[in-house]
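Participant: Pasting data_15.pdb below, which is PDB, C-alpha atoms, pLDDT in the B column.
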ATOM      1  CA  MET A   1     -59.596 -49.437-100.127  1.00 52.00           C
ATOM      2  CA  ASN A   2     -56.525 -51.322-101.398  1.00 53.00           C
ATOM      3  CA  ILE A   3     -52.977 -50.901 -99.998  1.00 52.00           C
ATOM      4  CA  LYS A   4     -51.774 -48.654-102.865  1.00 50.00           C
ATOM      5  CA  LYS A   5     -54.646 -46.209-102.396  1.00 51.00           C
ATOM      6  CA  ARG A   6     -54.052 -46.111 -98.638  1.00 52.00           C
ATOM      7  CA  LEU A   7     -50.353 -45.396 -99.154  1.00 48.00           C
ATOM      8  CA  LYS A   8     -51.164 -42.681-101.686  1.00 54.00           C
ATOM      9  CA  SER A   9     -53.641 -41.055 -99.274  1.00 59.00           C
ATOM     10  CA  LYS A  10     -51.047 -41.080 -96.493  1.00 58.00           C
ATOM     11  CA  LYS A  11     -48.469 -39.486 -98.798  1.00 59.00           C
ATOM     12  CA  VAL A  12     -50.935 -36.743 -99.771  1.00 55.00           C
ATOM     13  CA  LEU A  13     -51.779 -36.152 -96.109  1.00 59.00           C
ATOM     14  CA  ILE A  14     -48.112 -36.002 -95.109  1.00 62.00           C
ATOM     15  CA  LEU A  15     -47.416 -33.626 -98.006  1.00 60.00           C
ATOM     16  CA  LEU A  16     -50.275 -31.341 -96.926  1.00 60.00           C
ATOM     17  CA  ILE A  17     -49.009 -31.345 -93.324  1.00 64.00           C
ATOM     18  CA  LEU A  18     -45.504 -30.469 -94.504  1.00 58.00           C
ATOM     19  CA  ILE A  19     -46.844 -27.650 -96.674  1.00 62.00           C
ATOM     20  CA  ILE A  20     -48.883 -26.256 -93.773  1.00 62.00           C
ATOM     21  CA  LEU A  21     -45.897 -26.486 -91.396  1.00 62.00           C
ATOM     22  CA  GLY A  22     -43.746 -24.782 -94.013  1.00 55.00           C
ATOM     23  CA  LEU A  23     -46.208 -21.926 -94.380  1.00 54.00           C
ATOM     24  CA  VAL A  24     -46.469 -21.498 -90.619  1.00 47.00           C
ATOM     25  CA  LEU A  25     -42.686 -21.488 -90.277  1.00 53.00           C
ATOM     26  CA  ALA A  26     -42.294 -19.023 -93.150  1.00 44.00           C
ATOM     27  CA  SER A  27     -44.903 -16.727 -91.615  1.00 44.00           C
ATOM     28  CA  SER A  28     -43.136 -16.866 -88.253  1.00 45.00           C
ATOM     29  CA  VAL A  29     -39.809 -16.013 -89.865  1.00 39.00           C
ATOM     30  CA  LEU A  30     -41.368 -13.100 -91.739  1.00 37.00           C
ATOM     31  CA  VAL A  31     -42.948 -11.788 -88.529  1.00 36.00           C
ATOM     32  CA  ILE A  32     -39.618 -12.014 -86.709  1.00 37.00           C
ATOM     33  CA  LEU A  33     -37.761 -10.333 -89.561  1.00 35.00           C
ATOM     34  CA  TYR A  34     -40.406  -7.624 -89.843  1.00 36.00           C
ATOM     35  CA  SER A  35     -40.295  -7.025 -86.102  1.00 37.00           C
ATOM     36  CA  ARG A  36     -36.535  -6.708 -86.145  1.00 42.00           C
ATOM     37  CA  ASP A  37     -36.647  -4.436 -89.144  1.00 41.00           C
ATOM     38  CA  SER A  38     -39.350  -2.150 -87.767  1.00 46.00           C
ATOM     39  CA  ASP A  39     -38.500  -2.174 -84.055  1.00 64.00           C
ATOM     40  CA  ILE A  40     -36.289   0.743 -83.029  1.00 80.00           C
ATOM     41  CA  GLN A  41     -35.521  -0.967 -79.707  1.00 88.00           C
ATOM     42  CA  LEU A  42     -35.137   2.324 -77.870  1.00 96.00           C
ATOM     43  CA  LYS A  43     -35.753   3.024 -74.194  1.00 96.00           C
ATOM     44  CA  ILE A  44     -35.191   6.277 -72.326  1.00 96.00           C
ATOM     45  CA  ASN A  45     -35.081   5.971 -68.555  1.00 94.00           C
ATOM     46  CA  GLY A  46     -36.642   2.536 -68.874  1.00 93.00           C
ATOM     47  CA  GLU A  47     -39.596   3.728 -70.967  1.00 93.00           C
ATOM     48  CA  SER A  48     -39.968   2.377 -74.511  1.00 94.00           C
ATOM     49  CA  VAL A  49     -40.111   4.941 -77.304  1.00 96.00           C
ATOM     50  CA  SER A  50     -42.724   3.999 -79.882  1.00 94.00           C
ATOM     51  CA  LYS A  51     -42.095   4.045 -83.623  1.00 95.00           C
ATOM     52  CA  GLU A  52     -44.697   6.776 -83.971  1.00 95.00           C
ATOM     53  CA  GLU A  53     -43.011   9.012 -81.413  1.00 96.00           C
ATOM     54  CA  TYR A  54     -39.600   8.442 -82.975  1.00 97.00           C
ATOM     55  CA  VAL A  55     -40.753   9.162 -86.537  1.00 96.00           C
ATOM     56  CA  GLN A  56     -42.657  12.254 -85.352  1.00 95.00           C
ATOM     57  CA  THR A  57     -39.496  13.643 -83.764  1.00 97.00           C
ATOM     58  CA  MET A  58     -37.299  12.537 -86.656  1.00 97.00           C
ATOM     59  CA  LYS A  59     -39.394  14.432 -89.200  1.00 96.00           C
ATOM     60  CA  GLU A  60     -39.105  17.579 -87.084  1.00 95.00           C
ATOM     61  CA  LYS A  61     -35.296  17.294 -87.111  1.00 97.00           C
ATOM     62  CA  GLN A  62     -34.892  16.583 -90.835  1.00 96.00           C
ATOM     63  CA  TYR A  63     -34.801  20.231 -91.852  1.00 96.00           C
ATOM     64  CA  ASP A  64     -32.139  21.111 -89.261  1.00 97.00           C
ATOM     65  CA  VAL A  65     -29.935  18.264 -90.445  1.00 98.00           C
ATOM     66  CA  THR A  66     -30.215  19.246 -94.127  1.00 97.00           C
ATOM     67  CA  VAL A  67     -29.346  22.849 -93.229  1.00 98.00           C
ATOM     68  CA  TYR A  68     -26.318  21.629 -91.269  1.00 98.00           C
ATOM     69  CA  PHE A  69     -24.917  19.761 -94.263  1.00 98.00           C
ATOM     70  CA  LYS A  70     -25.705  22.593 -96.662  1.00 97.00           C
ATOM     71  CA  GLN A  71     -23.891  25.111 -94.483  1.00 97.00           C
ATOM     72  CA  ASN A  72     -20.915  22.930 -93.604  1.00 97.00           C
ATOM     73  CA  TYR A  73     -20.411  20.953 -96.804  1.00 97.00           C
ATOM     74  CA  ASP A  74     -22.438  22.814 -99.432  1.00 97.00           C
ATOM     75  CA  ALA A  75     -24.320  19.529 -99.859  1.00 96.00           C
ATOM     76  CA  GLN A  76     -27.041  18.990-102.430  1.00 94.00           C
ATOM     77  CA  VAL A  77     -30.142  17.312-101.015  1.00 93.00           C
ATOM     78  CA  ASP A  78     -30.796  14.726-103.702  1.00 93.00           C
ATOM     79  CA  LYS A  79     -31.675  11.025-103.671  1.00 90.00           C
ATOM     80  CA  LYS A  80     -28.152  10.076-102.591  1.00 94.00           C
ATOM     81  CA  PHE A  81     -27.846  12.782 -99.930  1.00 96.00           C
ATOM     82  CA  TRP A  82     -28.864  10.819 -96.819  1.00 97.00           C
ATOM     83  CA  GLU A  83     -26.373   7.995 -97.420  1.00 96.00           C
ATOM     84  CA  THR A  84     -23.457  10.132 -98.641  1.00 97.00           C
ATOM     85  CA  SER A  85     -20.479  10.533 -96.312  1.00 97.00           C
ATOM     86  CA  PHE A  86     -19.250  14.098 -95.815  1.00 97.00           C
ATOM     87  CA  ASP A  87     -15.819  13.859 -94.160  1.00 96.00           C
ATOM     88  CA  GLY A  88     -17.093  10.897 -92.188  1.00 96.00           C
ATOM     89  CA  GLU A  89     -20.468  12.428 -91.325  1.00 97.00           C
ATOM     90  CA  VAL A  90     -23.435  10.610 -92.826  1.00 98.00           C
ATOM     91  CA  PRO A  91     -26.746  12.568 -92.852  1.00 98.00           C
ATOM     92  CA  TYR A  92     -29.089   9.723 -91.896  1.00 98.00           C
ATOM     93  CA  LYS A  93     -26.864   8.773 -88.957  1.00 98.00           C
ATOM     94  CA  LYS A  94     -26.645  12.370 -87.809  1.00 98.00           C
ATOM     95  CA  LEU A  95     -30.428  12.582 -88.109  1.00 98.00           C
ATOM     96  CA  ALA A  96     -30.771   9.530 -85.858  1.00 98.00           C
ATOM     97  CA  ASP A  97     -28.359  11.040 -83.312  1.00 98.00           C
ATOM     98  CA  GLU A  98     -30.135  14.410 -83.347  1.00 98.00           C
ATOM     99  CA  THR A  99     -33.524  12.713 -82.999  1.00 98.00           C
ATOM    100  CA  LEU A 100     -32.277  10.753 -79.990  1.00 98.00           C
ATOM    101  CA  GLU A 101     -30.969  13.927 -78.329  1.00 98.00           C
ATOM    102  CA  GLU A 102     -34.285  15.689 -78.923  1.00 98.00           C
ATOM    103  CA  LEU A 103     -36.186  12.742 -77.452  1.00 98.00           C
ATOM    104  CA  LYS A 104     -33.955  12.780 -74.354  1.00 98.00           C
ATOM    105  CA  TYR A 105     -34.605  16.513 -73.970  1.00 98.00           C
ATOM    106  CA  ARG A 106     -38.383  16.151 -74.354  1.00 97.00           C
ATOM    107  CA  HIS A 107     -38.599  13.177 -72.027  1.00 97.00           C
ATOM    108  CA  ALA A 108     -36.692  15.185 -69.417  1.00 97.00           C
ATOM    109  CA  ILE A 109     -39.219  18.026 -69.721  1.00 97.00           C
ATOM    110  CA  PHE A 110     -42.264  15.793 -69.395  1.00 96.00           C
ATOM    111  CA  ASP A 111     -40.749  13.642 -66.639  1.00 96.00           C
ATOM    112  CA  ILE A 112     -40.025  16.775 -64.586  1.00 96.00           C
ATOM    113  CA  ALA A 113     -43.552  18.057 -65.253  1.00 96.00           C
ATOM    114  CA  GLU A 114     -45.042  14.745 -64.131  1.00 95.00           C
ATOM    115  CA  GLU A 115     -42.942  14.745 -60.956  1.00 95.00           C
ATOM    116  CA  LYS A 116     -44.096  18.288 -60.173  1.00 95.00           C
ATOM    117  CA  GLY A 117     -47.724  17.352 -60.776  1.00 95.00           C
ATOM    118  CA  TYR A 118     -48.184  19.681 -63.754  1.00 95.00           C
ATOM    119  CA  ILE A 119     -49.354  16.787 -65.932  1.00 92.00           C
ATOM    120  CA  ASP A 120     -50.842  13.374 -65.166  1.00 90.00           C
ATOM    121  CA  ASP A 121     -48.973  11.309 -67.746  1.00 87.00           C
ATOM    122  CA  ALA A 122     -45.712  11.992 -69.541  1.00 83.00           C
ATOM    123  CA  ASP A 123     -45.918   9.370 -72.286  1.00 90.00           C
ATOM    124  CA  PHE A 124     -46.477  10.081 -75.977  1.00 93.00           C
ATOM    125  CA  VAL A 125     -49.749   8.149 -76.157  1.00 93.00           C
ATOM    126  CA  SER A 126     -51.268  10.317 -73.404  1.00 92.00           C
ATOM    127  CA  LEU A 127     -50.093  13.514 -75.085  1.00 93.00           C
ATOM    128  CA  LYS A 128     -51.582  12.404 -78.390  1.00 94.00           C
ATOM    129  CA  ARG A 129     -54.885  11.600 -76.690  1.00 94.00           C
ATOM    130  CA  GLN A 130     -54.904  15.030 -75.032  1.00 93.00           C
ATOM    131  CA  MET A 131     -54.288  16.677 -78.400  1.00 95.00           C
ATOM    132  CA  GLU A 132     -57.170  14.766 -79.969  1.00 96.00           C
ATOM    133  CA  GLU A 133     -59.468  15.753 -77.102  1.00 95.00           C
ATOM    134  CA  GLU A 134     -58.400  19.394 -77.470  1.00 94.00           C
ATOM    135  CA  ASN A 135     -59.049  19.304 -81.211  1.00 96.00           C
ATOM    136  CA  GLN A 136     -62.453  17.704 -80.636  1.00 96.00           C
ATOM    137  CA  GLU A 137     -63.379  20.395 -78.131  1.00 95.00           C
ATOM    138  CA  ARG A 138     -62.343  23.127 -80.558  1.00 95.00           C
ATOM    139  CA  GLU A 139     -64.355  21.528 -83.338  1.00 95.00           C
ATOM    140  CA  GLU A 140     -67.436  21.371 -81.123  1.00 95.00           C
ATOM    141  CA  LYS A 141     -67.025  25.048 -80.222  1.00 93.00           C
ATOM    142  CA  LYS A 142     -66.882  25.973 -83.905  1.00 92.00           C
ATOM    143  CA  GLU A 143     -70.042  23.959 -84.571  1.00 93.00           C
ATOM    144  CA  ARG A 144     -71.817  25.827 -81.757  1.00 94.00           C
ATOM    145  CA  GLY A 145     -70.640  29.136 -83.150  1.00 93.00           C
ATOM    146  CA  GLU A 146     -68.426  29.859 -80.146  1.00 93.00           C
ATOM    147  CA  PRO A 147     -65.084  31.649 -80.552  1.00 92.00           C
ATOM    148  CA  VAL A 148     -61.954  29.489 -80.809  1.00 91.00           C
ATOM    149  CA  TYR A 149     -58.779  31.290 -79.806  1.00 90.00           C
ATOM    150  CA  GLY A 150     -55.459  30.413 -81.365  1.00 88.00           C
ATOM    151  CA  LEU A 151     -55.296  27.480 -83.754  1.00 90.00           C
ATOM    152  CA  SER A 152     -58.500  25.851 -84.933  1.00 90.00           C
ATOM    153  CA  GLU A 153     -56.718  22.495 -84.863  1.00 94.00           C
ATOM    154  CA  TYR A 154     -53.375  21.257 -83.523  1.00 96.00           C
ATOM    155  CA  THR A 155     -50.916  19.028 -85.326  1.00 95.00           C
ATOM    156  CA  MET A 156     -48.751  16.866 -83.082  1.00 95.00           C
ATOM    157  CA  ASP A 157     -45.628  18.980 -83.514  1.00 94.00           C
ATOM    158  CA  LEU A 158     -47.506  22.188 -82.691  1.00 95.00           C
ATOM    159  CA  TYR A 159     -49.227  20.590 -79.712  1.00 95.00           C
ATOM    160  CA  LEU A 160     -45.879  19.394 -78.343  1.00 95.00           C
ATOM    161  CA  GLU A 161     -44.484  22.897 -78.781  1.00 95.00           C
ATOM    162  CA  TYR A 162     -47.487  24.314 -76.928  1.00 94.00           C
ATOM    163  CA  GLU A 163     -47.186  21.802 -74.066  1.00 95.00           C
ATOM    164  CA  ILE A 164     -43.432  22.318 -73.693  1.00 97.00           C
ATOM    165  CA  SER A 165     -43.881  26.096 -73.588  1.00 97.00           C
ATOM    166  CA  SER A 166     -46.699  25.792 -71.033  1.00 96.00           C
ATOM    167  CA  ILE A 167     -44.650  23.510 -68.773  1.00 97.00           C
ATOM    168  CA  LYS A 168     -41.706  25.901 -68.880  1.00 98.00           C
ATOM    169  CA  GLU A 169     -43.894  28.852 -67.958  1.00 97.00           C
ATOM    170  CA  GLN A 170     -45.586  26.921 -65.154  1.00 97.00           C
ATOM    171  CA  TYR A 171     -42.284  25.763 -63.670  1.00 98.00           C
ATOM    172  CA  CYS A 172     -40.685  29.210 -63.837  1.00 97.00           C
ATOM    173  CA  ASN A 173     -43.704  30.829 -62.152  1.00 96.00           C
ATOM    174  CA  ASP A 174     -44.041  28.158 -59.471  1.00 96.00           C
ATOM    175  CA  GLU A 175     -43.063  29.798 -56.186  1.00 89.00           C
ATOM    176  CA  GLY A 176     -42.638  26.355 -54.648  1.00 93.00           C
ATOM    177  CA  ASN A 177     -39.536  25.680 -56.755  1.00 96.00           C
ATOM    178  CA  GLU A 178     -36.472  26.671 -54.744  1.00 93.00           C
ATOM    179  CA  ASP A 179     -34.310  27.085 -57.834  1.00 95.00           C
ATOM    180  CA  MET A 180     -36.683  29.817 -59.012  1.00 96.00           C
ATOM    181  CA  GLU A 181     -35.942  32.005 -55.992  1.00 95.00           C
ATOM    182  CA  ILE A 182     -33.650  34.866 -57.040  1.00 96.00           C
ATOM    183  CA  SER A 183     -31.964  37.281 -54.672  1.00 95.00           C
ATOM    184  CA  THR A 184     -31.625  40.996 -55.352  1.00 96.00           C
ATOM    185  CA  GLU A 185     -27.860  40.519 -55.440  1.00 97.00           C
ATOM    186  CA  GLU A 186     -28.177  37.926 -58.218  1.00 97.00           C
ATOM    187  CA  LEU A 187     -30.456  40.240 -60.152  1.00 97.00           C
ATOM    188  CA  GLN A 188     -28.034  43.118 -59.730  1.00 97.00           C
ATOM    189  CA  ASP A 189     -25.097  41.014 -60.921  1.00 97.00           C
ATOM    190  CA  TYR A 190     -27.054  39.947 -63.992  1.00 98.00           C
ATOM    191  CA  TYR A 191     -28.059  43.557 -64.642  1.00 97.00           C
ATOM    192  CA  ASN A 192     -24.398  44.653 -64.430  1.00 97.00           C
ATOM    193  CA  SER A 193     -23.254  41.853 -66.778  1.00 96.00           C
ATOM    194  CA  ARG A 194     -24.416  43.694 -69.882  1.00 94.00           C
ATOM    195  CA  GLU A 195     -25.964  46.901 -71.171  1.00 94.00           C
ATOM    196  CA  TRP A 196     -29.761  47.043 -71.105  1.00 96.00           C
ATOM    197  CA  LEU A 197     -31.516  49.416 -73.478  1.00 94.00           C
ATOM    198  CA  VAL A 198     -35.181  50.355 -73.745  1.00 91.00           C
ATOM    199  CA  GLY A 199     -37.340  52.519 -75.980  1.00 87.00           C
ATOM    200  CA  GLU A 200     -36.957  53.549 -79.585  1.00 85.00           C
ATOM    201  CA  ASP A 201     -34.092  55.861 -78.700  1.00 87.00           C
ATOM    202  CA  GLY A 202     -32.235  53.011 -77.006  1.00 88.00           C
ATOM    203  CA  LYS A 203     -31.684  54.708 -73.663  1.00 93.00           C
ATOM    204  CA  LYS A 204     -30.084  52.763 -70.823  1.00 94.00           C
ATOM    205  CA  ALA A 205     -32.655  50.955 -68.701  1.00 95.00           C
ATOM    206  CA  GLU A 206     -32.632  51.414 -64.938  1.00 95.00           C
ATOM    207  CA  PHE A 207     -32.481  48.334 -62.715  1.00 97.00           C
ATOM    208  CA  GLU A 208     -35.985  48.608 -61.254  1.00 96.00           C
ATOM    209  CA  GLU A 209     -37.377  49.428 -64.671  1.00 95.00           C
ATOM    210  CA  ILE A 210     -36.500  45.981 -66.021  1.00 96.00           C
ATOM    211  CA  ARG A 211     -36.422  43.958 -62.796  1.00 97.00           C
ATOM    212  CA  SER A 212     -39.213  41.642 -63.972  1.00 96.00           C
ATOM    213  CA  VAL A 213     -37.350  41.023 -67.243  1.00 96.00           C
ATOM    214  CA  LEU A 214     -34.194  40.128 -65.345  1.00 97.00           C
ATOM    215  CA  GLU A 215     -36.100  37.690 -63.137  1.00 97.00           C
ATOM    216  CA  LYS A 216     -37.735  36.049 -66.121  1.00 97.00           C
ATOM    217  CA  ASP A 217     -34.410  35.646 -67.943  1.00 97.00           C
ATOM    218  CA  ILE A 218     -32.665  34.067 -64.960  1.00 97.00           C
ATOM    219  CA  ARG A 219     -35.518  31.694 -64.237  1.00 98.00           C
ATOM    220  CA  GLU A 220     -35.688  30.528 -67.833  1.00 98.00           C
ATOM    221  CA  MET A 221     -31.910  30.033 -67.988  1.00 98.00           C
ATOM    222  CA  ARG A 222     -31.997  27.964 -64.801  1.00 98.00           C
ATOM    223  CA  TYR A 223     -34.883  25.926 -66.121  1.00 98.00           C
ATOM    224  CA  GLU A 224     -33.058  25.184 -69.385  1.00 98.00           C
ATOM    225  CA  GLU A 225     -29.906  24.204 -67.496  1.00 98.00           C
ATOM    226  CA  MET A 226     -31.937  21.837 -65.306  1.00 98.00           C
ATOM    227  CA  VAL A 227     -33.642  20.199 -68.302  1.00 98.00           C
ATOM    228  CA  LYS A 228     -30.370  19.822 -70.221  1.00 98.00           C
ATOM    229  CA  LYS A 229     -28.716  18.235 -67.205  1.00 98.00           C
ATOM    230  CA  ALA A 230     -31.636  15.823 -66.771  1.00 97.00           C
ATOM    231  CA  ALA A 231     -31.466  14.969 -70.477  1.00 98.00           C
ATOM    232  CA  GLY A 232     -27.710  14.426 -70.265  1.00 97.00           C
ATOM    233  CA  ASP A 233     -28.145  12.134 -67.270  1.00 97.00           C
ATOM    234  CA  SER A 234     -30.805  10.077 -69.040  1.00 96.00           C
ATOM    235  CA  SER A 235     -30.417   6.322 -69.195  1.00 96.00           C
ATOM    236  CA  VAL A 236     -30.603   5.241 -72.838  1.00 97.00           C
ATOM    237  CA  ASP A 237     -30.957   1.660 -74.015  1.00 97.00           C
ATOM    238  CA  VAL A 238     -30.631   1.433 -77.784  1.00 95.00           C
ATOM    239  CA  LYS A 239     -29.087  -0.642 -80.555  1.00 93.00           C
ATOM    240  CA  LYS A 240     -27.546   2.057 -82.716  1.00 94.00           C
ATOM    241  CA  ASP A 241     -27.357  -0.068 -85.879  1.00 94.00           C
ATOM    242  CA  SER A 242     -31.086  -0.832 -85.671  1.00 93.00           C
ATOM    243  CA  LEU A 243     -31.822   2.835 -84.989  1.00 96.00           C
ATOM    244  CA  TYR A 244     -29.774   3.947 -87.998  1.00 96.00           C
ATOM    245  CA  THR A 245     -31.450   1.386 -90.268  1.00 94.00           C
ATOM    246  CA  PHE A 246     -34.914   2.374 -89.082  1.00 96.00           C
ATOM    247  CA  THR A 247     -34.121   6.071 -89.577  1.00 96.00           C
ATOM    248  CA  LEU A 248     -32.897   5.586 -93.139  1.00 96.00           C
ATOM    249  CA  LYS A 249     -35.993   3.601 -94.104  1.00 94.00           C
ATOM    250  CA  ASN A 250     -38.350   6.219 -92.711  1.00 94.00           C
ATOM    251  CA  ILE A 251     -36.792   9.349 -94.152  1.00 91.00           C
ATOM    252  CA  LYS A 252     -39.167  11.258 -96.410  1.00 65.00           C
ATOM    253  CA  LYS A 253     -37.176  11.611 -99.617  1.00 49.00           C
TER     254      LYS A 253
END
What is this structure when it is put down as structure tokens?

Facilitator:
Amino acid sequence: MNIKKRLKSKKVLILLILIILGLVLASSVLVILYSRDSDIQLKINGESVSKEEYVQTMKEKQYDVTVYFKQNYDAQVDKKFWETSFDGEVPYKKLADETLEELKYRHAIFDIAEEKGYIDDADFVSLKRQMEEENQEREEKKERGEPVYGLSEYTMDLYLEYEISSIKEQYCNDEGNEDMEISTEELQDYYNSREWLVGEDGKKAEFEEIRSVLEKDIREMRYEEMVKKAAGDSSVDVKKDSLYTFTLKNIKK
């Protein structure tokens, strides 16, 4: 091989190496940019919130946010709605804030339940797996011709609602919880705080007649106060700008 051919071969080889390095670098940049664009970078009490969990919660809050802007600003929900500013309030940002508050509230519920031993795992992945196992069991019952009570299949939002309701009931009925102990004096004060009516004729209810109702009300109010306090005390690590951007890109228009 003469010198010119050798030089030409080296140039081709160098060019190929540069092209390959360029492609690798471009791919790395794209991966980094994609990660930044798609990562919500949100932690609640040190636990990362997945994109799936965030979007699931966000979709549940969309309706409430649209109703808020309709009622307060007579807003029209069109293509421009989510990015329009209404006296400084922007729908997609409010949706992100409301989603974050809901996630804090839910995490508080499941963290408390895990601490009490009502559930084994409080994370979203575990809850999703439990839902899938429940749905599989229901499907197998149907195939065997056995009765299936309630829903034939759960969606994630309905399963979360079911779990949250079950945890609340379990906590309020747990005699080991000191905050669920209610004295007769407390019951009497609650009874005297308002008028209690029963029956179609709306006659005044006697204290002993509705004692169990009074106990249930007080327990549930205490439970809600406890959860809200835990949610309010939550440690949140989040980059709001990234959260807002992610929310806007994932809104179902």

Participant: Using Å and a single decimal, report how far CA of Ile109 (chain A) sits from CA of Ala96 (chain A).

Facilitator: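 The value is 20.1 Å.
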
Participant: Would you kindly translate the PyMOL selection byres ((chain A and resi 73-87) around 12) into the concrete residues it picks from this file, as number ranges by chain?

Facilitator: A: 62-63, 65-72, 88-96, 244-245, 247-253

Participant: Need to verify the contact set: Val125 (chain A), 10 Å, all atoms listed in the file, exclusion of same-chain residues closer than 5 positions in sequence. Can you return it as a PyMOL selection string?

Facilitator: chain A and resi 50+52-53+130-131

Participant: Find, counting all atoms listed in the file, the residue in A:Arg138, A:Lys204, A:Arg106, A:Lys59 that gets nearest to Glu161 (chain A).

Facilitator: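 Using all atoms listed in the file, the shortest distance to Glu161 (chain A) belongs to A:Arg106.
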
Participant: Please compute the CA of Lys239 (chain A)-CA of Gln41 (chain A) distance, one decimal, in Å.

Facilitator: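 Taking CA of Lys239 (chain A) as the start and CA of Gln41 (chain A) as the end point, the length is 6.5 Å.
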
Participant: Give me the residues near Met226 (chain A) as a VMD selection string, where near means some atom within 10 Å (using only C-alpha atoms) and where sequence neighbours in that chain fewer than 4 positions away do not count.

Facilitator: chain A and resid 108 to 109 112 179 220 to 222 230 to 232

Participant: To one decimal place, how far is CA of Leu197 (chain A) from CA of Ser212 (chain A) in Å?

Facilitator: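 CA of Ser212 (chain A) lies 14.5 Å from CA of Leu197 (chain A).
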
Participant: Write out as a list in words each polymer residue whose atoms come within 12 Å of Glu185 (chain A), counting only C-alpha atoms; drop sequence neighbours fewer than 6 positions from it.

Facilitator: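 Listed by chain and then number, they are Tyr191, Asn192, Phe207, Arg211, Leu214 and Glu215 of chain A.
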
Participant: Identify which of the residues A:Asp111, A:Glu133, A:Glu169, A:Glu175 lies closest to Asn45 (chain A), counting only C-alpha atoms when measuring atom-to-atom distances.

Facilitator: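 Closest to Asn45 (chain A), using only C-alpha atoms: A:Asp111.
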
Participant: Evaluating the PyMOL selection byres ((chain A and resi 110) around 12) on the displayed file yields which residues, as a PDB file with C-alpha atoms, in the frame of the given file?

Facilitator:
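Dumped everything to expr.pdb:
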ATOM      1  CA  LEU A 103     -36.186  12.742 -77.452  1.00 98.00           C
ATOM      2  CA  LYS A 104     -33.955  12.780 -74.354  1.00 98.00           C
ATOM      3  CA  TYR A 105     -34.605  16.513 -73.970  1.00 98.00           C
ATOM      4  CA  ARG A 106     -38.383  16.151 -74.354  1.00 97.00           C
ATOM      5  CA  HIS A 107     -38.599  13.177 -72.027  1.00 97.00           C
ATOM      6  CA  ALA A 108     -36.692  15.185 -69.417  1.00 97.00           C
ATOM      7  CA  ILE A 109     -39.219  18.026 -69.721  1.00 97.00           C
ATOM      8  CA  ASP A 111     -40.749  13.642 -66.639  1.00 96.00           C
ATOM      9  CA  ILE A 112     -40.025  16.775 -64.586  1.00 96.00           C
ATOM     10  CA  ALA A 113     -43.552  18.057 -65.253  1.00 96.00           C
ATOM     11  CA  GLU A 114     -45.042  14.745 -64.131  1.00 95.00           C
ATOM     12  CA  GLU A 115     -42.942  14.745 -60.956  1.00 95.00           C
ATOM     13  CA  LYS A 116     -44.096  18.288 -60.173  1.00 95.00           C
ATOM     14  CA  GLY A 117     -47.724  17.352 -60.776  1.00 95.00           C
ATOM     15  CA  TYR A 118     -48.184  19.681 -63.754  1.00 95.00           C
ATOM     16  CA  ILE A 119     -49.354  16.787 -65.932  1.00 92.00           C
ATOM     17  CA  ASP A 120     -50.842  13.374 -65.166  1.00 90.00           C
ATOM     18  CA  ASP A 121     -48.973  11.309 -67.746  1.00 87.00           C
ATOM     19  CA  ALA A 122     -45.712  11.992 -69.541  1.00 83.00           C
ATOM     20  CA  ASP A 123     -45.918   9.370 -72.286  1.00 90.00           C
ATOM     21  CA  PHE A 124     -46.477  10.081 -75.977  1.00 93.00           C
ATOM     22  CA  SER A 126     -51.268  10.317 -73.404  1.00 92.00           C
ATOM     23  CA  LEU A 127     -50.093  13.514 -75.085  1.00 93.00           C
ATOM     24  CA  LEU A 160     -45.879  19.394 -78.343  1.00 95.00           C
ATOM     25  CA  GLU A 161     -44.484  22.897 -78.781  1.00 95.00           C
ATOM     26  CA  GLU A 163     -47.186  21.802 -74.066  1.00 95.00           C
ATOM     27  CA  ILE A 164     -43.432  22.318 -73.693  1.00 97.00           C
ATOM     28  CA  SER A 165     -43.881  26.096 -73.588  1.00 97.00           C
ATOM     29  CA  SER A 166     -46.699  25.792 -71.033  1.00 96.00           C
ATOM     30  CA  ILE A 167     -44.650  23.510 -68.773  1.00 97.00           C
ATOM     31  CA  LYS A 168     -41.706  25.901 -68.880  1.00 98.00           C
ATOM     32  CA  TYR A 171     -42.284  25.763 -63.670  1.00 98.00           C
ATOM     33  CA  VAL A 227     -33.642  20.199 -68.302  1.00 98.00           C
ATOM     34  CA  ALA A 230     -31.636  15.823 -66.771  1.00 97.00           C
ATOM     35  CA  ALA A 231     -31.466  14.969 -70.477  1.00 98.00           C
TER      36      ALA A 231
END

Participant: When distances are computed from only C-alpha atoms, which of A:Asp241, A:Asp217, A:Glu137, A:Asp174 shows the smallest separation from Tyr190 (chain A)?

Facilitator: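 Nearest candidate to Tyr190 (chain A) out of A:Asp241, A:Asp217, A:Glu137, A:Asp174: A:Asp217.
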
Participant: Carefully work through the PyMOL selection byres ((chain A and resi 43) around 9) for this structure and note down the residues it includes, as a compact mmCIF listing (two decimals) with C-alpha atoms, keeping the file's coordinate frame.

Facilitator:
# COMPACT_ATOMS: atom_id res chain seq x y z
CA GLN A 41 -35.52 -0.97 -79.71
CA LEU A 42 -35.14 2.32 -77.87
CA ILE A 44 -35.19 6.28 -72.33
CA ASN A 45 -35.08 5.97 -68.56
CA GLY A 46 -36.64 2.54 -68.87
CA GLU A 47 -39.60 3.73 -70.97
CA SER A 48 -39.97 2.38 -74.51
CA VAL A 49 -40.11 4.94 -77.30
CA SER A 235 -30.42 6.32 -69.19
CA VAL A 236 -30.60 5.24 -72.84
CA ASP A 237 -30.96 1.66 -74.02
CA VAL A 238 -30.63 1.43 -77.78
